[in-house]
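So this one's data05.txt, compact mmCIF, N, CA, C and O atoms:
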# COMPACT_ATOMS: atom_id res chain seq x y z
N MET R 1 -45.90 -35.12 -24.02
CA MET R 1 -46.92 -35.71 -24.86
C MET R 1 -46.63 -37.17 -25.15
O MET R 1 -47.54 -37.98 -25.23
N GLU R 2 -45.34 -37.46 -25.34
CA GLU R 2 -45.00 -38.86 -25.60
C GLU R 2 -45.34 -39.72 -24.39
O GLU R 2 -45.77 -40.87 -24.54
N THR R 3 -45.16 -39.17 -23.19
CA THR R 3 -45.50 -39.91 -21.98
C THR R 3 -46.99 -40.20 -21.93
O THR R 3 -47.42 -41.31 -21.62
N GLU R 4 -47.79 -39.19 -22.25
CA GLU R 4 -49.24 -39.38 -22.28
C GLU R 4 -49.64 -40.41 -23.32
O GLU R 4 -50.49 -41.26 -23.08
N ASN R 5 -49.00 -40.35 -24.47
CA ASN R 5 -49.29 -41.31 -25.53
C ASN R 5 -48.94 -42.72 -25.06
O ASN R 5 -49.67 -43.68 -25.32
N SER R 6 -47.84 -42.84 -24.34
CA SER R 6 -47.45 -44.14 -23.82
C SER R 6 -48.48 -44.65 -22.82
O SER R 6 -48.82 -45.84 -22.82
N LYS R 7 -49.01 -43.76 -21.98
CA LYS R 7 -50.05 -44.16 -21.02
C LYS R 7 -51.28 -44.67 -21.75
O LYS R 7 -51.88 -45.67 -21.37
N TRP R 8 -51.69 -43.95 -22.81
CA TRP R 8 -52.86 -44.37 -23.60
C TRP R 8 -52.60 -45.74 -24.21
O TRP R 8 -53.48 -46.61 -24.24
N PHE R 9 -51.40 -45.94 -24.72
CA PHE R 9 -51.07 -47.21 -25.35
C PHE R 9 -51.16 -48.36 -24.34
O PHE R 9 -51.73 -49.41 -24.63
N HIS R 10 -50.60 -48.15 -23.15
CA HIS R 10 -50.66 -49.20 -22.13
C HIS R 10 -52.10 -49.47 -21.71
O HIS R 10 -52.49 -50.61 -21.46
N ARG R 11 -52.90 -48.41 -21.63
CA ARG R 11 -54.32 -48.60 -21.28
C ARG R 11 -55.02 -49.42 -22.36
O ARG R 11 -55.84 -50.28 -22.06
N MET R 12 -54.69 -49.16 -23.62
CA MET R 12 -55.28 -49.94 -24.72
C MET R 12 -54.88 -51.40 -24.60
O MET R 12 -55.70 -52.29 -24.83
N GLN R 13 -53.63 -51.65 -24.24
CA GLN R 13 -53.19 -53.03 -24.08
C GLN R 13 -53.96 -53.72 -22.95
O GLN R 13 -54.34 -54.88 -23.08
N GLU R 14 -54.18 -52.99 -21.85
CA GLU R 14 -54.95 -53.55 -20.75
C GLU R 14 -56.35 -53.93 -21.21
O GLU R 14 -56.86 -55.00 -20.88
N LEU R 15 -56.96 -53.03 -21.97
CA LEU R 15 -58.30 -53.30 -22.47
C LEU R 15 -58.30 -54.46 -23.45
O LEU R 15 -59.23 -55.27 -23.49
N ASN R 16 -57.27 -54.54 -24.25
CA ASN R 16 -57.17 -55.60 -25.24
C ASN R 16 -57.03 -56.96 -24.55
O ASN R 16 -57.54 -57.97 -25.03
N ASP R 17 -56.33 -56.97 -23.42
CA ASP R 17 -56.15 -58.22 -22.69
C ASP R 17 -57.42 -58.66 -21.97
O ASP R 17 -57.56 -59.83 -21.61
N SER R 18 -58.33 -57.73 -21.74
CA SER R 18 -59.57 -58.08 -21.06
C SER R 18 -60.61 -58.57 -22.09
O SER R 18 -60.34 -58.63 -23.28
N ASP R 19 -61.77 -58.89 -21.63
CA ASP R 19 -62.85 -59.39 -22.50
C ASP R 19 -63.34 -58.27 -23.40
O ASP R 19 -63.88 -57.27 -22.94
N LEU R 20 -63.17 -58.42 -24.71
CA LEU R 20 -63.55 -57.38 -25.66
C LEU R 20 -64.98 -57.56 -26.16
O LEU R 20 -65.42 -56.83 -27.04
N GLY R 21 -65.71 -58.53 -25.62
CA GLY R 21 -67.09 -58.74 -26.05
C GLY R 21 -67.99 -57.58 -25.67
O GLY R 21 -69.00 -57.31 -26.32
N ASP R 22 -67.64 -56.86 -24.65
CA ASP R 22 -68.43 -55.73 -24.20
C ASP R 22 -68.22 -54.55 -25.15
O ASP R 22 -67.09 -54.11 -25.38
N MET R 23 -69.30 -54.01 -25.70
CA MET R 23 -69.20 -52.89 -26.65
C MET R 23 -68.61 -51.65 -25.99
O MET R 23 -67.95 -50.85 -26.63
N GLY R 24 -68.84 -51.49 -24.68
CA GLY R 24 -68.28 -50.33 -23.98
C GLY R 24 -66.76 -50.36 -24.01
O GLY R 24 -66.11 -49.34 -24.22
N ILE R 25 -66.21 -51.54 -23.80
CA ILE R 25 -64.76 -51.67 -23.82
C ILE R 25 -64.23 -51.44 -25.23
O ILE R 25 -63.22 -50.78 -25.43
N GLN R 26 -64.93 -51.98 -26.22
CA GLN R 26 -64.50 -51.79 -27.61
C GLN R 26 -64.53 -50.31 -27.97
O GLN R 26 -63.62 -49.80 -28.61
N ARG R 27 -65.56 -49.63 -27.53
CA ARG R 27 -65.68 -48.19 -27.80
C ARG R 27 -64.53 -47.44 -27.12
O ARG R 27 -63.94 -46.53 -27.70
N GLN R 28 -64.21 -47.82 -25.89
CA GLN R 28 -63.09 -47.20 -25.18
C GLN R 28 -61.77 -47.45 -25.91
O GLN R 28 -60.94 -46.55 -26.04
N MET R 29 -61.61 -48.67 -26.38
CA MET R 29 -60.38 -48.99 -27.13
C MET R 29 -60.28 -48.15 -28.40
O MET R 29 -59.21 -47.64 -28.73
N ASP R 30 -61.39 -48.03 -29.11
CA ASP R 30 -61.40 -47.21 -30.33
C ASP R 30 -61.05 -45.77 -30.01
O ASP R 30 -60.27 -45.12 -30.72
N GLU R 31 -61.61 -45.27 -28.92
CA GLU R 31 -61.34 -43.89 -28.51
C GLU R 31 -59.87 -43.72 -28.12
O GLU R 31 -59.22 -42.76 -28.54
N LEU R 32 -59.35 -44.66 -27.34
CA LEU R 32 -57.94 -44.59 -26.94
C LEU R 32 -57.02 -44.70 -28.14
O LEU R 32 -56.00 -44.00 -28.23
N ASN R 33 -57.37 -45.57 -29.08
CA ASN R 33 -56.56 -45.72 -30.28
C ASN R 33 -56.54 -44.42 -31.08
O ASN R 33 -55.49 -43.98 -31.56
N GLY R 34 -57.69 -43.79 -31.23
CA GLY R 34 -57.77 -42.51 -31.95
C GLY R 34 -56.96 -41.43 -31.26
O GLY R 34 -56.24 -40.67 -31.91
N LYS R 35 -57.06 -41.37 -29.93
CA LYS R 35 -56.28 -40.38 -29.19
C LYS R 35 -54.79 -40.64 -29.31
O LYS R 35 -54.00 -39.71 -29.46
N SER R 36 -54.41 -41.90 -29.26
CA SER R 36 -53.00 -42.25 -29.39
C SER R 36 -52.45 -41.83 -30.75
O SER R 36 -51.36 -41.26 -30.84
N GLN R 37 -53.20 -42.10 -31.80
CA GLN R 37 -52.78 -41.70 -33.14
C GLN R 37 -52.70 -40.18 -33.26
O GLN R 37 -51.76 -39.64 -33.86
N TYR R 38 -53.67 -39.48 -32.69
CA TYR R 38 -53.70 -38.02 -32.73
C TYR R 38 -52.47 -37.45 -32.01
O TYR R 38 -51.79 -36.56 -32.54
N ILE R 39 -52.16 -37.98 -30.83
CA ILE R 39 -51.01 -37.49 -30.07
C ILE R 39 -49.72 -37.79 -30.82
O ILE R 39 -48.81 -36.95 -30.88
N SER R 40 -49.64 -38.96 -31.42
CA SER R 40 -48.44 -39.31 -32.20
C SER R 40 -48.23 -38.34 -33.35
O SER R 40 -47.10 -37.91 -33.61
N ARG R 41 -49.32 -37.98 -34.03
CA ARG R 41 -49.21 -37.00 -35.13
C ARG R 41 -48.78 -35.63 -34.60
O ARG R 41 -47.95 -34.96 -35.22
N LEU R 42 -49.34 -35.21 -33.47
CA LEU R 42 -48.96 -33.92 -32.88
C LEU R 42 -47.47 -33.90 -32.54
O LEU R 42 -46.77 -32.93 -32.85
N VAL R 43 -47.01 -34.97 -31.89
CA VAL R 43 -45.60 -35.04 -31.51
C VAL R 43 -44.71 -35.02 -32.75
O VAL R 43 -43.71 -34.30 -32.79
N GLU R 44 -45.06 -35.76 -33.76
CA GLU R 44 -44.26 -35.81 -34.99
C GLU R 44 -44.25 -34.44 -35.68
O GLU R 44 -43.19 -33.98 -36.13
N ASN R 45 -45.41 -33.79 -35.76
CA ASN R 45 -45.46 -32.46 -36.38
C ASN R 45 -44.63 -31.46 -35.59
O ASN R 45 -43.90 -30.65 -36.19
N ASP R 46 -44.71 -31.51 -34.26
CA ASP R 46 -43.91 -30.60 -33.44
C ASP R 46 -42.43 -30.88 -33.62
O ASP R 46 -41.61 -29.96 -33.69
N ARG R 47 -42.07 -32.15 -33.71
CA ARG R 47 -40.67 -32.51 -33.92
C ARG R 47 -40.17 -31.97 -35.26
O ARG R 47 -39.07 -31.42 -35.35
N GLU R 48 -40.99 -32.10 -36.29
CA GLU R 48 -40.60 -31.57 -37.61
C GLU R 48 -40.47 -30.05 -37.57
O GLU R 48 -39.53 -29.49 -38.15
N ASP R 49 -41.41 -29.38 -36.90
CA ASP R 49 -41.36 -27.93 -36.79
C ASP R 49 -40.10 -27.47 -36.05
O ASP R 49 -39.43 -26.52 -36.45
N LEU R 50 -39.78 -28.15 -34.95
CA LEU R 50 -38.59 -27.80 -34.18
C LEU R 50 -37.32 -28.04 -34.98
O LEU R 50 -36.39 -27.23 -34.94
N THR R 51 -37.29 -29.13 -35.71
CA THR R 51 -36.13 -29.42 -36.55
C THR R 51 -35.95 -28.33 -37.61
O THR R 51 -34.83 -27.85 -37.84
N TYR R 52 -37.04 -27.92 -38.23
CA TYR R 52 -36.99 -26.86 -39.24
C TYR R 52 -36.50 -25.55 -38.63
O TYR R 52 -35.60 -24.89 -39.18
N GLU R 53 -37.07 -25.17 -37.49
CA GLU R 53 -36.69 -23.91 -36.85
C GLU R 53 -35.23 -23.94 -36.40
O GLU R 53 -34.51 -22.94 -36.51
N PHE R 54 -34.79 -25.08 -35.89
CA PHE R 54 -33.39 -25.21 -35.48
C PHE R 54 -32.47 -25.04 -36.68
O PHE R 54 -31.48 -24.30 -36.62
N SER R 55 -32.79 -25.71 -37.76
CA SER R 55 -31.97 -25.62 -38.98
C SER R 55 -31.95 -24.18 -39.50
O SER R 55 -30.88 -23.67 -39.88
N LYS R 56 -33.10 -23.53 -39.50
CA LYS R 56 -33.18 -22.15 -39.96
C LYS R 56 -32.33 -21.24 -39.07
O LYS R 56 -31.60 -20.37 -39.57
N SER R 57 -32.40 -21.43 -37.77
CA SER R 57 -31.61 -20.62 -36.84
C SER R 57 -30.12 -20.84 -37.06
O SER R 57 -29.33 -19.88 -37.02
N MET R 58 -29.73 -22.08 -37.28
CA MET R 58 -28.31 -22.36 -37.53
C MET R 58 -27.84 -21.69 -38.81
O MET R 58 -26.74 -21.14 -38.86
N ASN R 59 -28.67 -21.71 -39.85
CA ASN R 59 -28.31 -21.04 -41.10
C ASN R 59 -28.21 -19.53 -40.90
O ASN R 59 -27.29 -18.89 -41.43
N ASP R 60 -29.15 -18.94 -40.14
CA ASP R 60 -29.10 -17.51 -39.86
C ASP R 60 -27.83 -17.14 -39.09
O ASP R 60 -27.18 -16.13 -39.38
N LEU R 61 -27.48 -17.96 -38.11
CA LEU R 61 -26.25 -17.70 -37.35
C LEU R 61 -25.01 -17.81 -38.23
O LEU R 61 -24.08 -17.00 -38.11
N GLU R 62 -25.00 -18.78 -39.10
CA GLU R 62 -23.86 -18.94 -40.01
C GLU R 62 -23.77 -17.75 -40.97
O GLU R 62 -22.67 -17.25 -41.23
N ASP R 63 -24.91 -17.27 -41.47
CA ASP R 63 -24.90 -16.10 -42.33
C ASP R 63 -24.38 -14.87 -41.58
O ASP R 63 -23.60 -14.08 -42.14
N THR R 64 -24.79 -14.70 -40.34
CA THR R 64 -24.32 -13.57 -39.53
C THR R 64 -22.82 -13.69 -39.28
O THR R 64 -22.08 -12.70 -39.39
N ARG R 65 -22.36 -14.89 -38.95
CA ARG R 65 -20.93 -15.10 -38.73
C ARG R 65 -20.12 -14.76 -39.98
O ARG R 65 -19.10 -14.07 -39.93
N THR R 66 -20.62 -15.21 -41.12
CA THR R 66 -19.93 -14.94 -42.38
C THR R 66 -19.89 -13.45 -42.67
O THR R 66 -18.85 -12.91 -43.09
N GLN R 67 -21.00 -12.76 -42.44
CA GLN R 67 -21.05 -11.32 -42.67
C GLN R 67 -20.10 -10.57 -41.74
O GLN R 67 -19.38 -9.67 -42.16
N LEU R 68 -20.08 -10.94 -40.47
CA LEU R 68 -19.18 -10.30 -39.51
C LEU R 68 -17.72 -10.57 -39.86
O LEU R 68 -16.86 -9.68 -39.75
N GLN R 69 -17.44 -11.76 -40.30
CA GLN R 69 -16.08 -12.10 -40.70
C GLN R 69 -15.66 -11.27 -41.91
O GLN R 69 -14.54 -10.77 -41.98
N LYS R 70 -16.57 -11.08 -42.85
CA LYS R 70 -16.28 -10.27 -44.03
C LYS R 70 -16.03 -8.83 -43.63
O LYS R 70 -15.06 -8.19 -44.11
N GLU R 71 -16.86 -8.29 -42.75
CA GLU R 71 -16.67 -6.91 -42.28
C GLU R 71 -15.33 -6.77 -41.55
O GLU R 71 -14.64 -5.78 -41.72
N ARG R 72 -14.98 -7.75 -40.74
CA ARG R 72 -13.71 -7.72 -40.03
C ARG R 72 -12.55 -7.73 -41.01
O ARG R 72 -11.59 -6.97 -40.88
N ASN R 73 -12.65 -8.57 -42.04
CA ASN R 73 -11.57 -8.66 -43.02
C ASN R 73 -11.44 -7.39 -43.86
O ASN R 73 -10.37 -7.10 -44.38
N ASP R 74 -12.54 -6.63 -43.98
CA ASP R 74 -12.51 -5.39 -44.76
C ASP R 74 -12.01 -4.20 -43.96
O ASP R 74 -11.76 -3.12 -44.53
N LEU R 75 -11.82 -4.37 -42.66
CA LEU R 75 -11.32 -3.27 -41.83
C LEU R 75 -9.86 -2.98 -42.18
O LEU R 75 -9.09 -3.90 -42.43
N PRO R 76 -9.51 -1.68 -42.20
CA PRO R 76 -8.09 -1.36 -42.46
C PRO R 76 -7.26 -1.72 -41.22
O PRO R 76 -7.62 -1.40 -40.09
N TRP R 77 -6.20 -2.42 -41.46
CA TRP R 77 -5.34 -2.81 -40.34
C TRP R 77 -4.10 -1.94 -40.36
O TRP R 77 -3.41 -1.83 -41.34
N VAL R 78 -3.88 -1.30 -39.25
CA VAL R 78 -2.75 -0.36 -39.14
C VAL R 78 -1.59 -1.00 -38.46
O VAL R 78 -1.59 -1.84 -37.68
Do you think you could lay out the structure here as structure tokens?
Amino acid sequence: METENSKWFHRMQELNDSDLGDMGIQRQMDELNGKSQYISRLVENDREDLTYEFSKSMNDLEDTRTQLQKERNDLPWV
């Protein structure tokens, strides 16, 4: 998605460098800008979701490790 967003951004720059007097080009730029912002928000939201899920998984693994360690320590050693 970041690659696609980068492509949109470069396309916007190309349009910006050309004659912007044409309303069609301005409309295209507005559309590309909106899509770029939308993709950026999607990527950021996905990044936040992944970070949250990773952190949650790490906490769950740590809780499991702690529980297993406690069970091991409670075993009678002969």
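Taking atom O of R:Arg11 and atom C of R:Ile39 as the two end points, the separation is 16.4 Å.
Counting from atom CA of R:Asp49, the distance to atom CA of R:Ser6 is 21.6 Å.
For the residues R:Asn5, R:Pro76, R:Glu71, R:Ser55, ranking by smallest atom-to-atom distance to R:Ser36 using all atoms listed in the file places R:Asn5 first.
Taking atom N of R:Gln13 as the reference point, atom N of R:Leu50 is found at 29.3 Å.
For the residues R:Arg72, R:Asn45, R:Gln67, R:Met12, ranking by smallest atom-to-atom distance to R:Asp30 using only N, CA, C and O atoms places R:Met12 first.
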Please, could all heavy atoms be added to stretch 38-49 of chain R and the result written as a short mmCIF file (atom, residue, chain, number, x, y, z; two decimals), in the coordinates of the input?
data_model
loop_
_atom_site.label_atom_id
_atom_site.label_comp_id
_atom_site.auth_asym_id
_atom_site.auth_seq_id
_atom_site.Cartn_x
_atom_site.Cartn_y
_atom_site.Cartn_z
N TYR R 38 -53.67 -39.48 -32.69
CA TYR R 38 -53.70 -38.02 -32.73
C TYR R 38 -52.47 -37.45 -32.01
O TYR R 38 -51.79 -36.56 -32.54
CB TYR R 38 -54.99 -37.50 -32.07
CG TYR R 38 -55.07 -36.00 -31.97
CD1 TYR R 38 -55.33 -35.24 -33.10
CD2 TYR R 38 -54.88 -35.36 -30.76
CE1 TYR R 38 -55.40 -33.86 -33.02
CE2 TYR R 38 -54.94 -33.98 -30.66
CZ TYR R 38 -55.21 -33.23 -31.80
OH TYR R 38 -55.26 -31.87 -31.70
N ILE R 39 -52.16 -37.98 -30.83
CA ILE R 39 -51.01 -37.49 -30.07
C ILE R 39 -49.72 -37.79 -30.82
O ILE R 39 -48.81 -36.95 -30.88
CB ILE R 39 -51.01 -38.10 -28.65
CG1 ILE R 39 -52.16 -37.51 -27.83
CG2 ILE R 39 -49.68 -37.86 -27.95
CD1 ILE R 39 -52.40 -38.19 -26.50
N SER R 40 -49.64 -38.96 -31.42
CA SER R 40 -48.44 -39.31 -32.20
C SER R 40 -48.23 -38.34 -33.35
O SER R 40 -47.10 -37.91 -33.61
CB SER R 40 -48.55 -40.73 -32.75
OG SER R 40 -48.51 -41.67 -31.72
N ARG R 41 -49.32 -37.98 -34.03
CA ARG R 41 -49.21 -37.00 -35.13
C ARG R 41 -48.78 -35.63 -34.60
O ARG R 41 -47.95 -34.96 -35.22
CB ARG R 41 -50.52 -36.89 -35.89
CG ARG R 41 -50.81 -38.06 -36.82
CD ARG R 41 -51.98 -37.79 -37.76
NE ARG R 41 -53.20 -37.42 -37.07
CZ ARG R 41 -54.14 -38.26 -36.67
NH1 ARG R 41 -54.00 -39.55 -36.88
NH2 ARG R 41 -55.22 -37.82 -36.06
N LEU R 42 -49.34 -35.21 -33.47
CA LEU R 42 -48.96 -33.92 -32.88
C LEU R 42 -47.47 -33.90 -32.54
O LEU R 42 -46.77 -32.93 -32.85
CB LEU R 42 -49.76 -33.63 -31.61
CG LEU R 42 -51.20 -33.19 -31.77
CD1 LEU R 42 -51.85 -33.02 -30.40
CD2 LEU R 42 -51.28 -31.88 -32.53
N VAL R 43 -47.01 -34.97 -31.89
CA VAL R 43 -45.60 -35.04 -31.51
C VAL R 43 -44.71 -35.02 -32.75
O VAL R 43 -43.71 -34.30 -32.79
CB VAL R 43 -45.33 -36.30 -30.64
CG1 VAL R 43 -43.84 -36.54 -30.46
CG2 VAL R 43 -46.02 -36.17 -29.29
N GLU R 44 -45.06 -35.76 -33.76
CA GLU R 44 -44.26 -35.81 -34.99
C GLU R 44 -44.25 -34.44 -35.68
O GLU R 44 -43.19 -33.98 -36.13
CB GLU R 44 -44.79 -36.88 -35.94
CG GLU R 44 -43.96 -37.03 -37.21
CD GLU R 44 -42.52 -37.40 -36.95
OE1 GLU R 44 -42.22 -38.07 -35.95
OE2 GLU R 44 -41.66 -37.00 -37.76
N ASN R 45 -45.41 -33.79 -35.76
CA ASN R 45 -45.46 -32.46 -36.38
C ASN R 45 -44.63 -31.46 -35.59
O ASN R 45 -43.90 -30.65 -36.19
CB ASN R 45 -46.91 -31.97 -36.49
CG ASN R 45 -47.70 -32.71 -37.53
OD1 ASN R 45 -47.14 -33.35 -38.41
ND2 ASN R 45 -49.01 -32.63 -37.44
N ASP R 46 -44.71 -31.51 -34.26
CA ASP R 46 -43.91 -30.60 -33.44
C ASP R 46 -42.43 -30.88 -33.62
O ASP R 46 -41.61 -29.96 -33.69
CB ASP R 46 -44.29 -30.72 -31.96
CG ASP R 46 -45.62 -30.07 -31.64
OD1 ASP R 46 -46.16 -29.34 -32.51
OD2 ASP R 46 -46.14 -30.29 -30.53
N ARG R 47 -42.07 -32.15 -33.71
CA ARG R 47 -40.67 -32.51 -33.92
C ARG R 47 -40.17 -31.97 -35.26
O ARG R 47 -39.07 -31.42 -35.35
CB ARG R 47 -40.52 -34.03 -33.86
CG ARG R 47 -39.08 -34.49 -33.97
CD ARG R 47 -38.95 -36.00 -33.81
NE ARG R 47 -39.24 -36.33 -32.42
CZ ARG R 47 -40.04 -37.33 -32.03
NH1 ARG R 47 -40.60 -38.10 -32.92
NH2 ARG R 47 -40.25 -37.57 -30.76
N GLU R 48 -40.99 -32.10 -36.29
CA GLU R 48 -40.60 -31.57 -37.61
C GLU R 48 -40.47 -30.05 -37.57
O GLU R 48 -39.53 -29.49 -38.15
CB GLU R 48 -41.62 -32.00 -38.66
CG GLU R 48 -41.57 -33.47 -39.00
CD GLU R 48 -42.70 -33.90 -39.92
OE1 GLU R 48 -43.51 -33.06 -40.34
OE2 GLU R 48 -42.77 -35.11 -40.21
N ASP R 49 -41.41 -29.38 -36.90
CA ASP R 49 -41.36 -27.93 -36.79
C ASP R 49 -40.10 -27.47 -36.05
O ASP R 49 -39.43 -26.52 -36.45
CB ASP R 49 -42.60 -27.38 -36.06
CG ASP R 49 -43.87 -27.50 -36.88
OD1 ASP R 49 -43.78 -27.77 -38.12
OD2 ASP R 49 -44.97 -27.34 -36.30
#
